[in-house]
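The structure file upload27.csv is reproduced below (CSV, C-alpha atoms).
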chain,number,residue,atom,x,y,z
A,14,MET,CA,0.0,0.0,0.0
A,15,SER,CA,2.6,2.5,1.0
A,16,GLU,CA,4.6,1.9,-2.2
A,17,GLN,CA,1.5,2.8,-4.3
A,18,HIS,CA,1.1,6.0,-2.3
A,19,ASN,CA,4.6,7.1,-3.2
A,20,HIS,CA,3.6,7.5,-6.8
A,21,HIS,CA,1.0,10.3,-6.2
A,22,PRO,CA,0.2,13.1,-3.8
A,23,ALA,CA,-1.9,12.2,-0.7
A,24,HIS,CA,-4.9,14.2,-1.9
A,25,LEU,CA,-5.2,12.2,-5.2
A,26,ALA,CA,-7.8,9.5,-4.9
A,27,HIS,CA,-7.1,6.1,-6.3
A,28,HIS,CA,-9.8,6.2,-9.0
A,29,PHE,CA,-8.2,9.3,-10.7
A,30,SER,CA,-5.1,9.0,-12.8
A,31,GLU,CA,-3.9,12.5,-12.2
A,32,VAL,CA,-4.6,15.6,-10.0
A,33,GLU,CA,-6.0,17.7,-12.9
A,34,GLN,CA,-8.5,15.0,-13.8
A,35,GLN,CA,-9.7,14.8,-10.2
A,36,ARG,CA,-10.0,18.5,-10.0
A,37,GLU,CA,-11.9,18.9,-13.3
A,38,SER,CA,-14.3,16.0,-12.3
A,39,ALA,CA,-15.0,17.7,-9.0
A,40,LYS,CA,-15.6,21.0,-10.8
A,41,MET,CA,-18.0,19.5,-13.4
A,42,GLY,CA,-19.9,17.7,-10.6
A,43,MET,CA,-20.2,21.0,-8.7
A,44,TRP,CA,-21.5,22.9,-11.8
A,45,ILE,CA,-24.1,20.2,-12.4
A,46,PHE,CA,-25.2,20.6,-8.8
A,47,LEU,CA,-25.3,24.4,-9.3
A,48,LEU,CA,-27.5,23.8,-12.4
A,49,THR,CA,-30.0,21.9,-10.2
A,50,GLU,CA,-29.9,24.8,-7.7
A,51,ILE,CA,-30.7,27.3,-10.4
A,52,LEU,CA,-33.7,25.2,-11.4
A,53,LEU,CA,-34.7,24.8,-7.8
A,54,PHE,CA,-35.0,28.5,-7.4
A,55,GLY,CA,-36.3,28.6,-11.0
A,56,GLY,CA,-39.7,27.2,-9.8
A,57,LEU,CA,-39.9,30.2,-7.3
A,58,PHE,CA,-38.9,32.7,-10.0
A,59,VAL,CA,-41.7,31.3,-12.2
A,60,THR,CA,-44.2,31.6,-9.3
A,61,TYR,CA,-43.1,35.2,-8.8
A,62,THR,CA,-43.5,36.0,-12.5
A,63,VAL,CA,-47.0,34.4,-12.7
A,64,TYR,CA,-48.4,36.2,-9.6
A,65,ARG,CA,-46.8,39.5,-10.5
A,66,ALA,CA,-48.4,39.3,-13.9
A,67,TRP,CA,-51.8,38.6,-12.3
A,68,ASN,CA,-51.4,41.2,-9.5
A,69,PRO,CA,-49.1,44.0,-10.8
A,70,ASP,CA,-50.7,46.8,-8.6
A,71,MET,CA,-50.8,44.7,-5.5
A,72,PHE,CA,-47.1,43.7,-5.9
A,73,TYR,CA,-46.2,47.4,-6.3
A,74,ASN,CA,-48.2,48.4,-3.1
A,75,ALA,CA,-47.0,45.4,-1.0
A,76,HIS,CA,-43.3,45.8,-1.9
A,77,LYS,CA,-43.4,49.3,-0.4
A,78,PHE,CA,-43.5,47.5,3.0
A,79,LEU,CA,-40.0,46.1,2.4
A,80,ASN,CA,-37.1,48.1,3.7
A,81,VAL,CA,-35.0,49.2,0.7
A,82,THR,CA,-32.2,50.4,3.0
A,83,LEU,CA,-31.8,47.1,4.8
A,84,GLY,CA,-32.1,45.3,1.4
A,85,THR,CA,-29.3,47.5,-0.1
A,86,VAL,CA,-27.0,47.0,2.9
A,87,ASN,CA,-27.6,43.2,2.6
A,88,THR,CA,-26.7,43.4,-1.1
A,89,PHE,CA,-23.5,45.1,-0.3
A,90,ALA,CA,-22.7,42.6,2.5
A,91,LEU,CA,-23.3,39.6,0.2
A,92,ILE,CA,-21.2,41.1,-2.7
A,93,SER,CA,-18.4,41.9,-0.2
A,94,SER,CA,-18.6,38.3,1.1
A,95,SER,CA,-18.2,37.1,-2.5
A,96,LEU,CA,-15.1,39.3,-2.9
A,97,THR,CA,-13.6,38.0,0.3
A,98,MET,CA,-14.4,34.4,-0.7
A,99,ALA,CA,-12.7,34.9,-4.1
A,100,LEU,CA,-9.7,36.5,-2.3
A,101,ALA,CA,-9.5,33.6,0.1
A,102,ILE,CA,-9.1,31.2,-2.8
A,103,ARG,CA,-6.7,33.6,-4.5
A,104,PHE,CA,-4.4,33.5,-1.5
A,105,ILE,CA,-4.5,29.7,-1.1
A,106,GLN,CA,-3.6,29.5,-4.8
A,107,VAL,CA,-0.3,31.3,-4.0
A,108,GLY,CA,0.1,29.4,-0.7
A,109,ASP,CA,-0.6,32.2,1.7
A,110,ARG,CA,-2.5,30.3,4.4
A,111,ARG,CA,-2.6,33.2,6.9
A,112,LYS,CA,-4.4,35.5,4.5
A,113,THR,CA,-6.7,32.7,3.4
A,114,ILE,CA,-7.8,32.2,7.0
A,115,ILE,CA,-8.4,36.0,7.4
A,116,PHE,CA,-10.5,36.2,4.3
A,117,LEU,CA,-12.5,33.1,5.1
A,118,MET,CA,-13.3,34.6,8.5
A,119,ALA,CA,-14.3,37.9,6.9
A,120,THR,CA,-16.6,36.0,4.5
A,121,LEU,CA,-18.3,34.3,7.6
A,122,ALA,CA,-18.6,37.7,9.3
A,123,LEU,CA,-20.3,39.3,6.3
A,124,ALA,CA,-22.6,36.3,5.9
A,125,ALA,CA,-23.6,36.7,9.6
A,126,VAL,CA,-24.3,40.4,9.0
A,127,PHE,CA,-26.6,39.4,6.2
A,128,LEU,CA,-28.5,36.9,8.4
A,129,VAL,CA,-28.8,39.3,11.3
A,130,ILE,CA,-30.3,42.0,9.1
A,131,LYS,CA,-32.6,39.3,7.6
A,132,TYR,CA,-33.6,38.4,11.2
A,133,PHE,CA,-34.7,42.0,12.0
A,134,GLU,CA,-36.6,42.2,8.7
A,135,TYR,CA,-38.4,39.0,9.4
A,136,SER,CA,-39.3,39.7,13.0
A,137,HIS,CA,-40.7,43.1,12.0
A,138,LYS,CA,-43.0,41.4,9.4
A,139,PHE,CA,-44.0,38.8,12.0
A,140,HIS,CA,-44.9,41.6,14.4
A,141,LEU,CA,-47.0,43.3,11.8
A,142,GLY,CA,-48.7,40.1,10.6
A,143,GLN,CA,-47.3,40.3,7.1
A,144,LEU,CA,-47.2,36.5,6.9
A,145,PRO,CA,-48.0,34.0,4.2
A,146,GLY,CA,-51.5,32.6,3.5
A,147,LYS,CA,-54.0,32.4,6.3
A,148,TYR,CA,-51.6,33.8,8.9
A,149,TYR,CA,-51.7,37.2,7.1
A,150,THR,CA,-53.4,39.7,9.4
A,151,PHE,CA,-52.0,43.0,8.2
A,152,THR,CA,-54.5,45.5,6.7
A,153,GLY,CA,-52.3,48.3,5.4
A,154,VAL,CA,-51.8,47.1,1.8
A,155,ALA,CA,-54.1,48.5,-0.9
A,156,GLY,CA,-55.1,45.8,-3.5
A,157,ASN,CA,-56.3,42.3,-3.4
A,158,ASN,CA,-54.6,39.2,-1.9
A,159,PRO,CA,-51.5,41.0,-0.5
A,160,HIS,CA,-50.7,37.8,1.4
A,161,ILE,CA,-49.5,36.3,-1.9
A,162,PHE,CA,-46.7,38.8,-2.2
A,163,PHE,CA,-45.5,38.0,1.4
A,164,GLY,CA,-45.9,34.3,0.8
A,165,ILE,CA,-43.6,34.6,-2.2
A,166,TYR,CA,-41.2,36.9,-0.3
A,167,PHE,CA,-40.8,34.4,2.6
A,168,ALA,CA,-40.5,31.4,0.2
A,169,MET,CA,-37.8,33.1,-1.9
A,170,THR,CA,-35.8,34.8,0.9
A,171,GLY,CA,-36.3,31.8,3.2
A,172,LEU,CA,-34.9,29.3,0.7
A,173,HIS,CA,-32.1,31.7,0.0
A,174,GLY,CA,-31.5,32.2,3.8
A,175,ILE,CA,-31.2,28.4,4.2
A,176,HIS,CA,-28.6,28.5,1.4
A,177,VAL,CA,-26.7,31.2,3.3
A,178,LEU,CA,-26.7,29.0,6.4
A,179,ALA,CA,-25.5,26.0,4.4
A,180,GLY,CA,-22.8,28.1,2.8
A,181,MET,CA,-21.6,29.3,6.2
A,182,GLY,CA,-21.4,25.7,7.3
A,183,ALA,CA,-19.3,24.8,4.3
A,184,ILE,CA,-17.1,27.9,4.8
A,185,SER,CA,-16.6,27.1,8.5
A,186,TRP,CA,-15.5,23.6,7.5
A,187,MET,CA,-13.0,25.1,5.0
A,188,LEU,CA,-11.7,27.4,7.7
A,189,PHE,CA,-11.2,24.5,10.0
A,190,ARG,CA,-9.4,22.5,7.2
A,191,THR,CA,-7.2,25.4,6.3
A,192,ILE,CA,-6.2,25.8,9.9
A,193,ARG,CA,-5.6,22.0,10.1
A,194,ASN,CA,-3.2,22.5,7.1
A,195,ASP,CA,-5.2,20.4,4.6
A,196,PHE,CA,-4.8,22.9,1.8
A,197,SER,CA,-1.9,24.2,-0.2
A,198,ALA,CA,-1.2,25.9,-3.5
A,199,GLU,CA,-1.2,22.3,-5.0
A,200,TYR,CA,-4.5,21.2,-3.5
A,201,TYR,CA,-7.5,23.4,-2.6
A,202,THR,CA,-10.4,21.9,-4.6
A,203,PRO,CA,-12.9,21.7,-1.7
A,204,MET,CA,-12.4,25.4,-1.1
A,205,GLU,CA,-12.9,26.2,-4.8
A,206,MET,CA,-16.1,24.2,-4.7
A,207,THR,CA,-17.3,26.1,-1.6
A,208,GLY,CA,-16.5,29.3,-3.4
A,209,LEU,CA,-18.6,28.4,-6.4
A,210,TYR,CA,-21.5,27.6,-4.1
A,211,TRP,CA,-21.1,30.8,-2.2
A,212,HIS,CA,-21.0,32.9,-5.4
A,213,LEU,CA,-24.2,31.2,-6.6
A,214,VAL,CA,-25.9,32.2,-3.4
A,215,ASP,CA,-24.7,35.8,-4.1
A,216,LEU,CA,-25.9,35.5,-7.7
A,217,ILE,CA,-29.4,34.5,-6.7
A,218,TRP,CA,-29.6,37.4,-4.2
A,219,ILE,CA,-28.6,39.7,-7.0
A,220,TYR,CA,-31.9,38.8,-8.7
A,221,LEU,CA,-34.0,38.5,-5.6
A,222,PHE,CA,-33.1,42.0,-4.4
A,223,PRO,CA,-34.6,44.0,-7.4
A,224,LEU,CA,-37.5,41.5,-7.9
A,225,LEU,CA,-38.7,42.0,-4.3
A,226,TYR,CA,-37.4,45.3,-3.0
A,227,LEU,CA,-37.2,47.5,-6.2
A,228,ILE,CA,-40.5,47.1,-8.0
A,229,GLY,CA,-40.7,50.3,-10.1
B,2,MET,CA,-2.0,22.4,-20.8
B,3,SER,CA,-0.7,19.1,-19.6
B,4,ASP,CA,0.9,20.7,-16.6
B,5,SER,CA,-1.8,20.8,-13.9
B,6,ARG,CA,-0.8,24.2,-12.7
B,7,HIS,CA,-1.6,25.8,-16.0
B,8,ASN,CA,-5.4,25.5,-15.6
B,9,GLU,CA,-5.6,27.4,-12.3
B,10,HIS,CA,-5.6,31.0,-13.5
B,11,ILE,CA,-4.4,33.0,-10.6
B,12,LEU,CA,-6.0,36.3,-11.2
B,13,PRO,CA,-4.5,39.6,-9.9
B,14,ILE,CA,-6.1,40.9,-6.7
B,15,LYS,CA,-7.0,44.2,-8.5
B,16,THR,CA,-9.2,42.2,-10.9
B,17,TYR,CA,-11.4,40.9,-8.0
B,18,VAL,CA,-11.5,44.4,-6.4
B,19,ALA,CA,-12.4,46.0,-9.7
B,20,VAL,CA,-15.3,43.5,-10.3
B,21,ALA,CA,-16.6,44.1,-6.7
B,22,ALA,CA,-16.4,47.9,-7.3
B,23,GLY,CA,-18.4,47.4,-10.5
B,24,LEU,CA,-21.0,45.4,-8.6
B,25,PHE,CA,-21.3,48.1,-5.9
B,26,ILE,CA,-21.7,50.8,-8.5
B,27,LEU,CA,-24.4,48.8,-10.3
B,28,THR,CA,-26.2,48.1,-7.1
B,29,ALA,CA,-26.3,51.9,-6.4
B,30,VAL,CA,-27.5,52.5,-10.0
B,31,THR,CA,-30.3,49.9,-9.7
B,32,VAL,CA,-31.5,51.3,-6.3
B,33,GLY,CA,-31.4,54.9,-7.7
B,34,VAL,CA,-33.3,54.1,-10.9
B,35,SER,CA,-36.0,52.3,-8.8
B,36,PHE,CA,-37.0,55.7,-7.3
B,37,ILE,CA,-37.5,57.2,-10.8
B,38,HIS,CA,-40.8,56.3,-12.4
B,39,LEU,CA,-40.2,54.9,-15.9
B,40,GLY,CA,-43.3,52.8,-16.2
B,41,GLY,CA,-42.5,49.4,-17.7
B,42,TRP,CA,-38.9,50.4,-18.2
B,43,ASN,CA,-38.2,50.1,-14.4
B,44,ALA,CA,-38.5,46.3,-14.7
B,45,VAL,CA,-36.3,46.2,-17.8
B,46,VAL,CA,-33.6,48.3,-16.1
B,47,ALA,CA,-33.8,46.2,-12.9
B,48,PHE,CA,-33.5,42.9,-14.8
B,49,GLY,CA,-30.8,44.2,-17.1
B,50,VAL,CA,-28.6,45.5,-14.3
B,51,ALA,CA,-29.1,42.3,-12.3
B,52,THR,CA,-28.0,40.3,-15.4
B,53,ILE,CA,-24.9,42.4,-15.9
B,54,LYS,CA,-24.1,41.9,-12.2
B,55,GLY,CA,-24.8,38.2,-12.5
B,56,LEU,CA,-22.4,37.9,-15.5
B,57,LEU,CA,-19.7,39.7,-13.6
B,58,VAL,CA,-20.0,37.3,-10.7
B,59,ALA,CA,-20.1,34.2,-12.9
B,60,MET,CA,-17.3,35.3,-15.3
B,61,PHE,CA,-14.8,36.6,-12.8
B,62,PHE,CA,-15.6,35.3,-9.2
B,63,MET,CA,-16.7,31.9,-10.6
B,64,HIS,CA,-13.9,31.9,-13.2
B,65,LEU,CA,-16.1,30.9,-16.1
B,66,LEU,CA,-14.3,33.3,-18.4
B,67,TYR,CA,-11.0,31.5,-17.8
B,68,ASP,CA,-12.1,27.9,-17.1
B,69,ARG,CA,-12.9,25.1,-19.5
B,70,LYS,CA,-15.9,25.9,-21.6
B,71,ILE,CA,-17.8,22.9,-20.5
B,72,TYR,CA,-18.7,24.7,-17.2
B,73,LEU,CA,-20.0,27.7,-19.1
B,74,ILE,CA,-22.1,25.3,-21.2
B,75,ILE,CA,-23.6,23.7,-18.1
B,76,PHE,CA,-24.4,27.1,-16.6
B,77,ALA,CA,-25.9,28.3,-19.9
B,78,THR,CA,-28.0,25.2,-20.1
B,79,ALA,CA,-29.5,25.9,-16.7
B,80,LEU,CA,-30.3,29.5,-17.7
B,81,LEU,CA,-31.7,28.3,-21.1
B,82,PHE,CA,-34.1,25.8,-19.5
B,83,LEU,CA,-35.1,28.3,-16.9
B,84,GLY,CA,-35.9,30.7,-19.8
B,85,VAL,CA,-38.0,28.0,-21.5
B,86,PHE,CA,-39.8,27.3,-18.2
B,87,ILE,CA,-40.7,31.0,-17.7
B,88,ALA,CA,-41.5,31.7,-21.4
B,89,LEU,CA,-43.9,28.8,-21.9
B,90,THR,CA,-45.6,29.4,-18.6
B,91,MET,CA,-46.1,33.0,-19.4
B,92,PHE,CA,-47.6,32.2,-22.8
B,93,ASP,CA,-50.3,30.4,-20.9
B,94,ILE,CA,-50.7,33.0,-18.2
B,95,LEU,CA,-50.8,36.0,-20.4
B,96,LEU,CA,-52.9,34.5,-23.3
B,97,ARG,CA,-55.4,32.4,-21.3
B,98,GLY,CA,-57.7,35.3,-20.7
B,99,PRO,CA,-58.9,35.9,-24.2
B,100,ILE,CA,-59.7,32.2,-24.6
B,101,ASN,CA,-61.5,31.7,-21.3
B,102,PRO,CA,-62.0,34.9,-19.2
B,103,ASP,CA,-63.5,33.0,-16.3
B,104,THR,CA,-60.4,31.0,-15.6
B,105,SER,CA,-57.8,33.5,-16.6
B,106,SER,CA,-57.2,34.4,-13.0
B,107,PRO,CA,-57.9,31.5,-10.6
B,108,ILE,CA,-58.0,33.7,-7.4
B,109,LYS,CA,-61.1,35.9,-7.4
B,110,ASN,CA,-60.4,39.6,-7.1
B,111,GLU,CA,-63.0,40.1,-4.3
B,112,ALA,CA,-61.4,37.3,-2.2
B,113,VAL,CA,-59.4,39.6,0.1
B,114,ILE,CA,-58.1,37.3,2.8
B,115,TYR,CA,-58.4,39.5,5.9
B,116,GLU,CA,-62.1,40.1,5.1
B,117,LYS,CA,-62.7,36.5,4.5
B,118,ASN,CA,-61.3,35.6,8.0
B,119,THR,CA,-64.2,37.3,9.7
B,120,THR,CA,-66.8,35.4,7.7
B,121,ASP,CA,-64.8,32.2,8.3
B,122,SER,CA,-65.1,32.6,12.0
B,123,LEU,CA,-68.8,33.3,11.7
B,124,GLN,CA,-69.3,30.2,9.6
B,125,MET,CA,-67.3,28.2,12.2
B,126,GLU,CA,-69.7,29.3,14.9
B,127,VAL,CA,-72.7,28.3,12.8
B,128,ILE,CA,-71.1,24.9,12.2
B,129,GLU,CA,-70.4,24.5,15.9
B,130,ASP,CA,-74.0,25.4,16.7
B,131,ASN,CA,-75.3,22.9,14.2
B,132,ALA,CA,-73.0,20.2,15.6
B,133,ALA,CA,-74.3,20.9,19.1
B,134,VAL,CA,-77.9,20.7,17.9
B,135,SER,CA,-77.3,17.4,16.0
B,136,THR,CA,-75.5,15.7,18.9
B,137,GLN,CA,-78.4,16.7,21.2
B,138,SER,CA,-81.0,15.4,18.8
B,139,GLY,CA,-78.9,12.3,18.3
B,140,HIS,CA,-79.4,11.3,21.9
Would you put the structure from the file into structure tokens?
Amino acid sequence: MSEQHNHHPAHLAHHFSEVEQQRESAKMGMWIFLLTEILLFGGLFVTYTVYRAWNPDMFYNAHKFLNVTLGTVNTFALISSSLTMALAIRFIQVGDRRKTIIFLMATLALAAVFLVIKYFEYSHKFHLGQLPGKYYTFTGVAGNNPHIFFGIYFAMTGLHGIHVLAGMGAISWMLFRTIRNDFSAEYYTPMEMTGLYWHLVDLIWIYLFPLLYLIG
Amino acid sequence: MSDSRHNEHILPIKTYVAVAAGLFILTAVTVGVSFIHLGGWNAVVAFGVATIKGLLVAMFFMHLLYDRKIYLIIFATALLFLGVFIALTMFDILLRGPINPDTSSPIKNEAVIYEKNTTDSLQMEVIEDNAAVSTQSGH
């Protein structure tokens, strides 16, 4: 066994012939997973489009109750976190573990800022009764069936929020593995995959933000 | 390309910072435009700016511009089928009305939910009264 291992680096699995093949296989698998993620959110994007087409005025009136300032701050937080994630990978590519750790922690901090702001937005809506379906008790929105807007709002931002949490879990794991010295300039594929996932979470928010907060 | 290190594309830090700066500026633009009334053009601007931002993230942060083209094809496939999903659904949604006005919008306009709640609770009382009566008569 040990003789076999001498032929290749420790991070190369037996069923791959070379490091580059392993890396590209992982990346293709990740992109196919991201494809399924886009289609998962796709169902919600279609729901949004259909109900906005049916209730254009109600959507406009209801969206006024979302806080554009908090949404903008969250957009900046998430874009910044994408930048710090990209830089974390950039620094492991050149073997600078210390800076990788710093930028991974910055990414986690910015993700936490996003979720804390989301928590305040949610609790404000819970308080006002701007809830989906039959739990909707708010009476301030002009137009019919405003609960539909908030149902879609909670479904879309809720699923996105779960993805932010999952991303934070993955980034924490990458942070732990970087500190454990698993990664180097030669091998950092898991961190690259985590980065792709995190950028997709950012990408989806880039669409959610104007669709929900900025209805003209 | 046989050397494994050649495929990694180590971008300069300033590229990432410039892309992020572009994303910040575009976010400011899209928020600013949303306060100006342009009618239907608001949605077009919002969607267009989001798409430019999305492309920046995908091309630079996700390295699609530099990586093997197969990843770009997979990504484009997802967007293509999402487009088909939305387009074909909207053909139905937008064109159903002229064919059958009654079912063009399945939720009735007068069915405001917070008004319906009060009638629901009234109906519940009636049902409970009836139930009380029927159990009494049953004995």
Could you give me, as a PDB file with C-alpha atoms, in the coordinates of the input, the residues within 6 Å of region 211-215 of chain A, counting only C-alpha atoms and dropping anything in the same chain fewer than 3 positions from it?
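Final file, result33.pdb:
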ATOM      1  CA  LEU A  91     -23.300  39.600   0.200  1.00  0.00           C
ATOM      2  CA  SER A  95     -18.200  37.100  -2.500  1.00  0.00           C
ATOM      3  CA  GLY A 180     -22.800  28.100   2.800  1.00  0.00           C
ATOM      4  CA  GLY A 208     -16.500  29.300  -3.400  1.00  0.00           C
ATOM      5  CA  TRP A 218     -29.600  37.400  -4.200  1.00  0.00           C
TER       6      TRP A 218
END
- prompt: Excluding same-chain residues fewer than 5 positions from Val50 (chain B), what lies within 9 Å of it counting only C-alpha atoms, as a PyMOL selection string?
  reply: chain B and resi 27-28+30-31+45+55
Export C-alpha atoms of the chosen residues as a PDB file, in the coordinates of the input?
ATOM      1  CA  LEU B  27     -24.400  48.800 -10.300  1.00  0.00           C
ATOM      2  CA  THR B  28     -26.200  48.100  -7.100  1.00  0.00           C
ATOM      3  CA  VAL B  30     -27.500  52.500 -10.000  1.00  0.00           C
ATOM      4  CA  THR B  31     -30.300  49.900  -9.700  1.00  0.00           C
ATOM      5  CA  VAL B  45     -36.300  46.200 -17.800  1.00  0.00           C
ATOM      6  CA  GLY B  55     -24.800  38.200 -12.500  1.00  0.00           C
TER       7      GLY B  55
END
- request: Compile the residues of chain A that lie within 6 Å of chain B, evaluated using all atoms listed in the file, and express the compilation as a ChimeraX atom specification.
  value: /A:33,48,59,99,157-158,209,216,219-220,223,227,229
statement: CA of Thr202 (chain A) to CA of Ile45 (chain A) measures 15.9 Å
message: I want to know what sits within 10 Å of Ala90 (chain A), based on all atoms listed in the file, with residues of the same chain fewer than 5 positions away left out; could you give that as number ranges by chain?
response: A: 84-85, 95-96, 120, 122-127, 215
message: Measuring between only C-alpha atoms, which one of A:Met118, A:Ile217, A:Val86, A:Ala75 shows the shortest distance to Thr152 (chain A)?
response: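 Using only C-alpha atoms, Thr152 (chain A) sits closest to A:Ala75.
Going from CA of Ile165 (chain A) over to CA of Ser94 (chain A), you cover 25.5 Å.
Here CA of Ile228 (chain A) stands at a distance of 6.0 Å from CA of Tyr73 (chain A).
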message: With distances taken over all atoms listed in the file, which residue among A:Gly153, A:Lys112, A:Met181, A:Phe222 lies nearest Leu83 (chain A)?
response: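 Looking at the shortest contact to Leu83 (chain A), the residue is A:Phe222.
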query: A:Ile114, A:Leu224, A:Leu79, A:Ile102: which is nearest Thr207 (chain A), counting only C-alpha atoms?
result: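 The shortest atom-to-atom distance to Thr207 (chain A) comes from A:Ile102.
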